[in-house]
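Source file model.csv; content: CSV, C-alpha atoms.
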```
chain,number,residue,atom,x,y,z
A,1,MET,CA,125.3,92.9,99.4
A,2,SER,CA,128.5,92.1,101.2
A,3,GLU,CA,129.2,89.4,103.7
A,4,GLN,CA,130.1,92.0,106.4
A,5,VAL,CA,127.9,91.2,109.4
A,6,LEU,CA,126.6,94.5,110.8
A,7,PHE,CA,123.7,93.2,113.0
A,8,LYS,CA,123.8,90.0,115.0
A,9,VAL,CA,121.5,88.6,117.7
A,10,ASP,CA,122.5,85.4,119.4
A,11,GLY,CA,120.4,83.3,121.7
A,12,LEU,CA,117.9,86.0,122.8
A,13,ASN,CA,115.4,84.8,125.4
A,14,LYS,CA,112.7,86.9,127.0
A,15,THR,CA,110.0,85.9,129.5
A,16,ILE,CA,107.2,88.1,130.8
A,17,GLY,CA,105.2,86.6,133.6
A,18,LYS,CA,104.7,83.0,132.7
A,19,ARG,CA,104.9,83.6,129.0
A,20,GLN,CA,108.1,83.1,127.0
A,21,ILE,CA,108.1,85.8,124.3
A,22,LEU,CA,111.4,84.9,122.7
A,23,ASN,CA,113.0,81.4,122.7
A,24,ASP,CA,116.7,81.3,121.6
A,25,VAL,CA,116.3,83.9,118.8
A,26,SER,CA,119.5,84.2,116.6
A,27,PHE,CA,120.1,85.7,113.1
A,28,GLU,CA,122.6,88.0,111.3
A,29,ALA,CA,122.1,90.8,108.8
A,30,TYR,CA,124.7,92.2,106.3
A,31,ALA,CA,125.9,95.5,105.0
A,32,GLY,CA,124.1,96.5,101.8
A,33,GLU,CA,121.0,94.3,102.2
A,34,VAL,CA,117.3,94.7,103.1
A,35,PHE,CA,116.7,92.0,105.6
A,36,GLY,CA,113.0,91.2,106.2
A,37,PHE,CA,112.2,90.1,109.8
A,38,LEU,CA,108.9,88.4,109.2
A,39,GLY,CA,106.3,86.8,111.5
A,40,PRO,CA,102.6,86.8,112.4
A,41,ASN,CA,101.4,89.5,114.8
A,42,GLY,CA,102.5,88.7,118.3
A,43,ALA,CA,105.3,86.4,117.1
A,44,GLY,CA,108.1,88.4,118.8
A,45,LYS,CA,109.3,90.8,116.2
A,46,THR,CA,108.8,94.0,118.1
A,47,THR,CA,110.2,92.5,121.3
A,48,THR,CA,113.4,91.5,119.5
A,49,ILE,CA,113.7,95.0,118.0
A,50,LYS,CA,113.1,96.7,121.3
A,51,ILE,CA,115.9,94.6,122.9
A,52,ALA,CA,118.2,95.4,120.0
A,53,VAL,CA,117.8,99.2,120.4
A,54,GLY,CA,118.0,99.1,124.2
A,55,LEU,CA,114.3,99.8,125.0
A,56,ILE,CA,113.9,96.6,127.0
A,57,SER,CA,116.4,94.0,128.3
A,58,SER,CA,116.6,90.3,127.4
A,59,ASP,CA,116.8,87.6,130.0
A,60,THR,CA,119.8,86.0,128.1
A,61,GLY,CA,121.5,86.4,124.8
A,62,THR,CA,123.5,89.1,123.1
A,63,VAL,CA,123.1,91.8,120.4
A,64,GLU,CA,126.0,93.1,118.3
A,65,ILE,CA,125.8,96.2,116.1
A,66,GLY,CA,128.8,96.9,113.9
A,67,GLY,CA,130.8,94.4,116.0
A,68,GLU,CA,130.0,96.1,119.3
A,69,ASN,CA,128.2,94.3,122.1
A,70,ALA,CA,125.1,96.4,122.8
A,71,LYS,CA,125.2,95.6,126.6
A,72,LYS,CA,129.0,96.1,127.1
A,73,ASN,CA,129.4,99.1,124.8
A,74,PHE,CA,125.9,100.5,124.7
A,75,GLU,CA,126.8,104.0,123.4
A,76,LYS,CA,129.1,102.8,120.7
A,77,ALA,CA,126.6,100.3,119.5
A,78,MET,CA,123.7,102.8,119.5
A,79,ASN,CA,125.7,105.4,117.6
A,80,MET,CA,125.7,102.9,114.7
A,81,VAL,CA,122.0,102.3,114.6
A,82,GLY,CA,119.0,104.3,113.5
A,83,ALA,CA,115.5,103.0,114.3
A,84,ILE,CA,111.8,103.6,114.1
A,85,VAL,CA,109.9,101.4,116.6
A,86,GLU,CA,106.2,101.5,116.0
A,87,ASN,CA,105.6,105.2,114.9
A,88,PRO,CA,108.0,108.0,114.3
A,89,GLU,CA,107.6,110.7,117.0
A,90,MET,CA,107.7,114.3,115.8
A,91,TYR,CA,106.7,117.8,116.8
A,92,LYS,CA,103.7,118.5,114.7
A,93,TYR,CA,103.8,122.3,115.2
A,94,LEU,CA,107.3,122.4,113.7
A,95,THR,CA,108.3,122.0,110.1
A,96,GLY,CA,110.0,118.9,108.8
A,97,ARG,CA,113.3,120.7,108.6
A,98,GLN,CA,112.9,122.0,112.2
A,99,ASN,CA,112.3,118.5,113.4
A,100,LEU,CA,115.5,117.3,111.8
A,101,GLU,CA,117.4,120.2,113.3
A,102,GLN,CA,116.0,119.4,116.7
A,103,TYR,CA,117.1,115.8,116.4
A,104,ALA,CA,120.5,116.8,115.0
A,105,ARG,CA,121.3,118.7,118.2
A,106,MET,CA,121.3,115.3,120.0
A,107,ARG,CA,123.8,113.8,117.6
A,108,ASN,CA,127.4,114.9,117.1
A,109,GLY,CA,128.6,116.0,113.7
A,110,VAL,CA,125.3,116.4,111.9
A,111,THR,CA,125.7,119.4,109.6
A,112,LYS,CA,123.2,121.5,107.6
A,113,GLU,CA,124.6,119.8,104.5
A,114,ARG,CA,123.8,116.4,106.0
A,115,ILE,CA,120.2,117.5,106.7
A,116,ASP,CA,119.9,118.6,103.1
A,117,GLU,CA,121.4,115.3,101.9
A,118,VAL,CA,118.9,113.1,103.8
A,119,VAL,CA,116.0,115.3,102.7
A,120,ARG,CA,117.0,114.6,99.1
A,121,LEU,CA,117.4,110.8,99.9
A,122,VAL,CA,113.9,110.5,101.1
A,123,LYS,CA,112.5,112.9,98.4
A,124,LEU,CA,111.0,115.5,100.7
A,125,GLU,CA,112.7,118.6,99.2
A,126,ASN,CA,109.4,120.2,98.1
A,127,ARG,CA,107.7,119.8,101.5
A,128,ILE,CA,110.4,119.9,104.1
A,129,ASP,CA,109.6,123.5,105.2
A,130,GLU,CA,105.9,122.8,105.8
A,131,LYS,CA,104.6,121.9,109.3
A,132,ILE,CA,104.3,118.3,110.2
A,133,SER,CA,100.6,118.8,110.8
A,134,LYS,CA,100.2,119.1,107.1
A,135,TYR,CA,102.1,115.9,106.3
A,136,SER,CA,100.4,112.7,105.1
A,137,LEU,CA,101.3,109.4,106.9
A,138,GLY,CA,103.6,108.5,104.1
A,139,MET,CA,105.4,111.8,104.4
A,140,ARG,CA,105.8,111.4,108.1
A,141,GLN,CA,107.3,107.9,107.5
A,142,ARG,CA,109.8,109.4,105.0
A,143,LEU,CA,110.8,112.1,107.5
A,144,GLY,CA,111.1,109.4,110.2
A,145,VAL,CA,113.6,107.5,107.9
A,146,ALA,CA,115.5,110.8,107.3
A,147,GLN,CA,115.7,111.4,111.1
A,148,ALA,CA,116.9,107.8,111.6
A,149,ILE,CA,119.8,108.1,109.1
A,150,LEU,CA,120.9,111.6,110.0
A,151,HIS,CA,124.0,110.4,111.9
A,152,HIS,CA,125.2,108.0,109.2
A,153,PRO,CA,124.2,104.8,111.0
A,154,LYS,CA,125.5,101.4,109.7
A,155,VAL,CA,122.2,99.7,110.6
A,156,LEU,CA,118.6,101.0,110.1
A,157,ILE,CA,115.8,99.2,111.9
A,158,LEU,CA,112.2,99.8,111.0
A,159,ASP,CA,109.3,98.1,112.8
A,160,GLU,CA,106.2,97.7,110.5
A,161,PRO,CA,107.0,100.8,108.5
A,162,THR,CA,104.3,100.3,105.8
A,163,ASN,CA,101.4,100.1,108.3
A,164,GLY,CA,98.6,102.5,107.2
A,165,LEU,CA,100.3,103.6,104.0
A,166,ASP,CA,98.5,103.6,100.6
A,167,PRO,CA,100.0,101.7,97.7
A,168,ALA,CA,101.9,104.8,96.4
A,169,GLY,CA,103.3,105.5,99.8
A,170,ILE,CA,104.4,101.9,100.2
A,171,LYS,CA,106.2,101.9,96.8
A,172,ASP,CA,108.0,105.2,97.7
A,173,LEU,CA,109.2,103.8,101.0
A,174,ARG,CA,110.3,100.6,99.4
A,175,ASP,CA,112.4,102.4,96.8
A,176,ILE,CA,114.0,104.5,99.5
A,177,LEU,CA,114.9,101.6,101.7
A,178,LYS,CA,116.3,99.6,98.7
A,179,SER,CA,118.4,102.6,97.7
A,180,LEU,CA,119.8,103.1,101.2
A,181,ALA,CA,120.8,99.4,101.3
A,182,HIS,CA,122.1,98.9,97.8
A,183,ASP,CA,123.5,102.4,97.1
A,184,GLU,CA,124.6,103.6,100.6
A,185,GLY,CA,125.7,100.2,102.0
A,186,ILE,CA,123.4,100.4,105.0
A,187,CYS,CA,122.1,97.3,106.7
A,188,VAL,CA,118.3,97.8,106.6
A,189,ILE,CA,116.2,95.6,108.8
A,190,VAL,CA,112.4,95.7,108.3
A,191,SER,CA,109.9,93.9,110.4
A,192,SER,CA,106.5,93.1,108.9
A,193,HIS,CA,103.7,90.6,108.5
A,194,LEU,CA,102.9,91.9,104.9
A,195,MET,CA,104.4,89.2,102.7
A,196,SER,CA,103.6,90.7,99.3
A,197,GLU,CA,105.5,93.9,100.1
A,198,MET,CA,108.5,92.1,101.7
A,199,GLU,CA,108.8,89.9,98.6
A,200,LEU,CA,109.4,93.1,96.5
A,201,MET,CA,111.7,94.8,99.1
A,202,CYS,CA,113.9,92.2,100.7
A,203,ASP,CA,117.1,90.4,99.8
A,204,ARG,CA,116.8,87.9,102.6
A,205,VAL,CA,114.2,87.1,105.2
A,206,GLY,CA,114.2,85.6,108.6
A,207,ILE,CA,110.9,84.1,109.8
A,208,ILE,CA,109.9,84.0,113.4
A,209,SER,CA,106.9,82.2,114.8
A,210,ASN,CA,105.8,81.7,118.5
A,211,GLY,CA,109.0,83.4,119.6
A,212,LYS,CA,111.3,81.0,117.7
A,213,MET,CA,113.3,81.5,114.5
A,214,ILE,CA,112.2,79.1,111.8
A,215,GLY,CA,115.0,80.0,109.5
A,216,VAL,CA,116.8,82.7,107.4
A,217,HIS,CA,116.8,82.4,103.6
A,218,THR,CA,117.0,84.3,100.4
A,219,LEU,CA,113.6,84.8,98.7
A,220,GLU,CA,114.7,82.5,95.9
A,221,GLU,CA,115.6,79.7,98.3
A,222,LEU,CA,112.2,79.9,100.0
A,223,THR,CA,110.1,80.0,96.9
A,224,SER,CA,112.2,77.4,95.0
A,225,ALA,CA,112.2,75.0,98.0
A,226,SER,CA,108.4,75.3,98.1
A,227,ILE,CA,108.0,73.9,94.6
A,228,GLY,CA,108.9,70.4,95.6
A,229,GLU,CA,109.6,67.4,93.3
A,230,THR,CA,106.8,68.0,90.8
A,231,ILE,CA,105.3,70.9,88.8
A,232,THR,CA,102.0,71.3,87.2
A,233,ILE,CA,101.4,72.4,83.6
A,234,GLN,CA,98.2,73.7,82.1
A,235,ILE,CA,97.4,73.0,78.4
A,236,ARG,CA,94.5,74.4,76.5
A,237,VAL,CA,93.4,71.8,73.9
A,238,SER,CA,90.8,71.2,71.2
A,239,ASP,CA,89.5,67.9,72.6
A,240,PRO,CA,90.0,67.1,76.4
A,241,GLU,CA,88.4,63.7,76.0
A,242,ILE,CA,90.9,62.5,73.4
A,243,ALA,CA,93.7,64.2,75.4
A,244,GLU,CA,92.7,62.2,78.4
A,245,SER,CA,93.2,58.9,76.5
A,246,VAL,CA,96.6,60.0,75.4
A,247,VAL,CA,98.3,61.4,78.5
A,248,ASP,CA,97.8,61.2,82.2
A,249,ILE,CA,95.7,64.2,83.3
A,250,SER,CA,95.2,65.3,86.9
A,251,ARG,CA,92.4,67.7,86.2
A,252,ILE,CA,90.1,68.9,83.4
A,253,ASP,CA,88.4,72.3,83.4
A,254,GLY,CA,86.6,73.0,80.2
A,255,ASP,CA,89.2,72.9,77.4
A,256,MET,CA,92.0,73.3,80.0
A,257,ILE,CA,93.9,70.2,81.2
A,258,GLU,CA,96.4,69.9,84.0
A,259,ILE,CA,99.3,67.5,84.0
A,260,ILE,CA,101.7,66.8,86.9
A,261,LEU,CA,105.3,66.3,85.8
A,262,ASN,CA,108.6,65.5,87.5
A,263,ALA,CA,110.4,68.8,88.2
A,264,ASN,CA,113.8,67.4,87.3
A,265,ASP,CA,113.0,66.8,83.6
A,266,ALA,CA,109.9,69.1,83.3
A,267,ASP,CA,111.1,70.7,80.0
A,268,ASP,CA,111.6,67.3,78.2
A,269,ALA,CA,108.4,65.9,79.7
A,270,THR,CA,106.4,68.9,78.5
A,271,ALA,CA,107.7,68.5,75.0
A,272,SER,CA,106.9,64.8,75.0
A,273,VAL,CA,103.3,65.5,76.2
A,274,VAL,CA,102.7,68.1,73.5
A,275,LYS,CA,104.1,65.8,70.8
A,276,ARG,CA,101.8,62.9,71.9
A,277,LEU,CA,98.8,65.3,71.8
A,278,VAL,CA,99.6,66.7,68.4
A,279,ASP,CA,100.3,63.2,67.0
A,280,SER,CA,96.8,62.2,68.2
A,281,SER,CA,95.3,65.2,66.3
A,282,VAL,CA,94.6,67.1,69.5
A,283,GLY,CA,95.0,70.9,68.9
A,284,VAL,CA,97.3,72.5,71.4
A,285,TYR,CA,96.5,76.2,71.9
A,286,SER,CA,98.6,77.2,74.9
A,287,VAL,CA,101.0,75.7,77.4
A,288,GLN,CA,101.9,77.2,80.8
A,289,ARG,CA,103.4,76.2,84.1
A,290,LEU,CA,101.4,77.1,87.2
A,291,GLU,CA,103.0,80.0,89.1
A,292,HIS,CA,105.5,79.1,91.8
A,293,LYS,CA,104.4,79.7,95.3
A,294,THR,CA,104.8,83.2,96.6
A,295,LEU,CA,106.5,84.2,99.8
A,296,GLU,CA,103.0,84.5,101.3
A,297,ASP,CA,102.3,80.9,100.5
A,298,VAL,CA,105.5,79.8,102.0
A,299,PHE,CA,105.1,82.0,105.1
A,300,ILE,CA,101.6,80.6,105.8
A,301,ALA,CA,102.8,77.1,105.4
A,302,LEU,CA,105.8,77.6,107.8
A,303,THR,CA,103.9,79.6,110.5
A,304,GLN,CA,100.5,78.1,110.5
A,305,THR,CA,101.3,75.8,113.4
A,306,GLY,CA,97.9,75.3,114.9
A,307,GLU,CA,95.2,77.7,116.1
A,308,GLY,CA,96.4,81.3,116.3
A,309,GLY,CA,98.6,81.1,113.2
A,310,GLY,CA,101.9,81.2,114.9
A,311,GLN,CA,101.1,83.9,117.5
A,312,ILE,CA,102.2,83.7,121.1
A,313,GLY,CA,99.8,82.8,123.8
```

Would you mind writing the file's structure down as structure tokens?
Amino acid sequence: MSEQVLFKVDGLNKTIGKRQILNDVSFEAYAGEVFGFLGPNGAGKTTTIKIAVGLISSDTGTVEIGGENAKKNFEKAMNMVGAIVENPEMYKYLTGRQNLEQYARMRNGVTKERIDEVVRLVKLENRIDEKISKYSLGMRQRLGVAQAILHHPKVLILDEPTNGLDPAGIKDLRDILKSLAHDEGICVIVSSHLMSEMELMCDRVGIISNGKMIGVHTLEELTSASIGETITIQIRVSDPEIAESVVDISRIDGDMIEIILNANDADDATASVVKRLVDSSVGVYSVQRLEHKTLEDVFIALTQTGEGGGQIG
């Protein structure tokens, strides 16, 4: 991932009727990264994306793609972006290749060789000459990605691309998007509310709730920050009653005890606890730290701002 900003929204506001959909939304995404645009359903993700690709207008604020202002230089900006908003639209009575050829006619400089290249990138070589009507949802999503990157865009924007896919289809799409970002240098922006999948796919995430940006972080920053000042270790022991008289225990479950330690010196503190137990003739069978919070845990904590879970209205 480079520090080259390829996608930037600054101060986006959008009101429909009496409801403010977006409230001063700003973030940046870089070349060579998968950027997760995360938020509960109704938080403003699709509205932001539709503004970015020119499907609707904002009340105020700007969008820049590859350094071009999308309002002032619309055609230049749109030539640098590929997008799938909601569902990829295709001619079901045509083959996958014919669909790509149709789309290529609307773009300058897309050669037969480029069509073959994107087909290989999305791993559809064996099925590209079959009619779309025979494609699974996962195959249609792959073809949609192929269509979106035909013209060598610098930015690829996908709105909820894993909706409806089975686990195998989700993994295939994840691998394709990571390859496009890390190997091809494309700025890939993926909107979703599926945290477990974004945790595996994204380099950084921006979280939106109630039309406001909560923040932009790497996954490590989010999950590390969620740990706080203490950690909990679990120790399986031979005699929990004796153990309780030796060390401060927060919880006992059968032969498993839990102890809360200061995160800053957790390793030394764990060693000290184990030594005290062993010196008191308590058998220590296993020691483990409880898992760090996942992106889903952090997401829920950040967006659960009252009834509705961060949704608008």

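One finds atom CA of Leu150 of chain A at 27.9 Å from atom CA of Gly44 of chain A.
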
Exercise for review: Compile the contact shell of Glu258 of chain A as number ranges by chain: residues with an atom at most 8 Å away, counting only C-alpha atoms, same-chain residues fewer than 6 positions apart removed.
Suggested key: A: 232-235, 249-252

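Rounded to one decimal, atom CA of Ala29 of chain A and atom CA of Leu6 of chain A lie 6.2 Å from each other.
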
Study note, to complete from the structure: A straight line from atom CA of Glu130 of chain A to atom CA of Ile170 of chain A spans 21.7 Å

Which residues are close to segment 78-89 of chain A, i.e. within 7 Å by all atoms listed in the file, leaving aside same-chain residues fewer than 4 positions away? Reply as a PDB file with C-alpha atoms, in the coordinates of the input.
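Okay, this is what ended up in out-v7.pdb:
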```pdb
ATOM      1  CA  VAL A  53     117.800  99.200 120.400  1.00  0.00           C
ATOM      2  CA  ILE A  65     125.800  96.200 116.100  1.00  0.00           C
ATOM      3  CA  GLY A  66     128.800  96.900 113.900  1.00  0.00           C
ATOM      4  CA  PHE A  74     125.900 100.500 124.700  1.00  0.00           C
ATOM      5  CA  GLN A 141     107.300 107.900 107.500  1.00  0.00           C
ATOM      6  CA  GLY A 144     111.100 109.400 110.200  1.00  0.00           C
ATOM      7  CA  ALA A 148     116.900 107.800 111.600  1.00  0.00           C
ATOM      8  CA  ILE A 149     119.800 108.100 109.100  1.00  0.00           C
ATOM      9  CA  PRO A 153     124.200 104.800 111.000  1.00  0.00           C
ATOM     10  CA  LYS A 154     125.500 101.400 109.700  1.00  0.00           C
ATOM     11  CA  VAL A 155     122.200  99.700 110.600  1.00  0.00           C
ATOM     12  CA  LEU A 156     118.600 101.000 110.100  1.00  0.00           C
ATOM     13  CA  ILE A 157     115.800  99.200 111.900  1.00  0.00           C
ATOM     14  CA  LEU A 158     112.200  99.800 111.000  1.00  0.00           C
ATOM     15  CA  ASP A 159     109.300  98.100 112.800  1.00  0.00           C
ATOM     16  CA  GLU A 160     106.200  97.700 110.500  1.00  0.00           C
TER      17      GLU A 160
END
```

Point to revise | Polymer residues at most 8 Å from Phe27 of chain A, all atoms listed in the file, same-chain spacing of 3 or more positions, as a PyMOL selection string | key: chain A and resi 8-10+206+216

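Closest approach to Arg97 of chain A among A:Ala52, A:Ile260, A:Leu121, A:Ala146: A:Ala146, based on all atoms listed in the file.
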
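Compared by their closest atoms to Glu244 of chain A, and using only C-alpha atoms, the residues A:Ala269, A:Leu219, A:Leu277, A:Met90 rank with A:Leu277 nearest.
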
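Proximity to Gly67 of chain A was assessed for A:Ala168, A:Val5, A:Ala43, A:Ile51 counting only C-alpha atoms; the smallest distance is recorded for A:Val5.
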
Exercise for review: Do a neighbour search on Glu197 of chain A at 10 Å with all atoms listed in the file, toss out local chain neighbours closer than 4 positions, and write the hits as a ChimeraX atom specification.
Suggested key: /A:162,167,170-171,174,192-193,201-202,295-296

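Remark: residues at most 10 Å from position (121.7, 97.0, 100.0) in file coordinates are Met1, Ser2, Tyr30, Ala31, Gly32, Glu33, Val34, Phe35, Leu177, Lys178, Ser179, Leu180, Ala181, His182, Asp183, Glu184, Gly185, Ile186, Cys187, Val188, Cys202 and Asp203 of chain A, using only C-alpha atoms.
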
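When all atoms listed in the file are used to compute distances to Gly42 of chain A, the closest of the residues A:Gly61, A:Gly211, A:Pro240, A:Gly254 turns out to be A:Gly211.
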
Practice item. For the point (114.6, 89.0, 125.0) in the file's frame, write as a PyMOL selection string all residues with an atom no more than 12 Å away, counting only C-alpha atoms. Key: chain A and resi 9-16+19-26+44-63+211-212

Export C-alpha atoms of the chosen residues as a tab-separated table (two decimals), in the frame of the given file?
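What landed in part_34.tsv:
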```tsv
chain	number	residue	atom	x	y	z
A	9	VAL	CA	121.50	88.60	117.70
A	10	ASP	CA	122.50	85.40	119.40
A	11	GLY	CA	120.40	83.30	121.70
A	12	LEU	CA	117.90	86.00	122.80
A	13	ASN	CA	115.40	84.80	125.40
A	14	LYS	CA	112.70	86.90	127.00
A	15	THR	CA	110.00	85.90	129.50
A	16	ILE	CA	107.20	88.10	130.80
A	19	ARG	CA	104.90	83.60	129.00
A	20	GLN	CA	108.10	83.10	127.00
A	21	ILE	CA	108.10	85.80	124.30
A	22	LEU	CA	111.40	84.90	122.70
A	23	ASN	CA	113.00	81.40	122.70
A	24	ASP	CA	116.70	81.30	121.60
A	25	VAL	CA	116.30	83.90	118.80
A	26	SER	CA	119.50	84.20	116.60
A	44	GLY	CA	108.10	88.40	118.80
A	45	LYS	CA	109.30	90.80	116.20
A	46	THR	CA	108.80	94.00	118.10
A	47	THR	CA	110.20	92.50	121.30
A	48	THR	CA	113.40	91.50	119.50
A	49	ILE	CA	113.70	95.00	118.00
A	50	LYS	CA	113.10	96.70	121.30
A	51	ILE	CA	115.90	94.60	122.90
A	52	ALA	CA	118.20	95.40	120.00
A	53	VAL	CA	117.80	99.20	120.40
A	54	GLY	CA	118.00	99.10	124.20
A	55	LEU	CA	114.30	99.80	125.00
A	56	ILE	CA	113.90	96.60	127.00
A	57	SER	CA	116.40	94.00	128.30
A	58	SER	CA	116.60	90.30	127.40
A	59	ASP	CA	116.80	87.60	130.00
A	60	THR	CA	119.80	86.00	128.10
A	61	GLY	CA	121.50	86.40	124.80
A	62	THR	CA	123.50	89.10	123.10
A	63	VAL	CA	123.10	91.80	120.40
A	211	GLY	CA	109.00	83.40	119.60
A	212	LYS	CA	111.30	81.00	117.70
```

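The shortest atom-to-atom distance to Asp267 of chain A, with all atoms listed in the file taken into account, belongs to A:Val287 out of A:Val287, A:Glu28, A:Asp253, A:Gly109.
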
Practice item. Do a neighbour search on Leu137 of chain A at 8 Å with all atoms listed in the file, toss out local chain neighbours closer than 2 positions, and write the hits as a PyMOL selection string. Key: chain A and resi 135+139-141+164-165

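Residue nearest Ile189 of chain A within the list A:Met213, A:Ile231, A:Pro161, A:Asn41: A:Pro161 [criterion: smallest interatomic distance, all atoms listed in the file].
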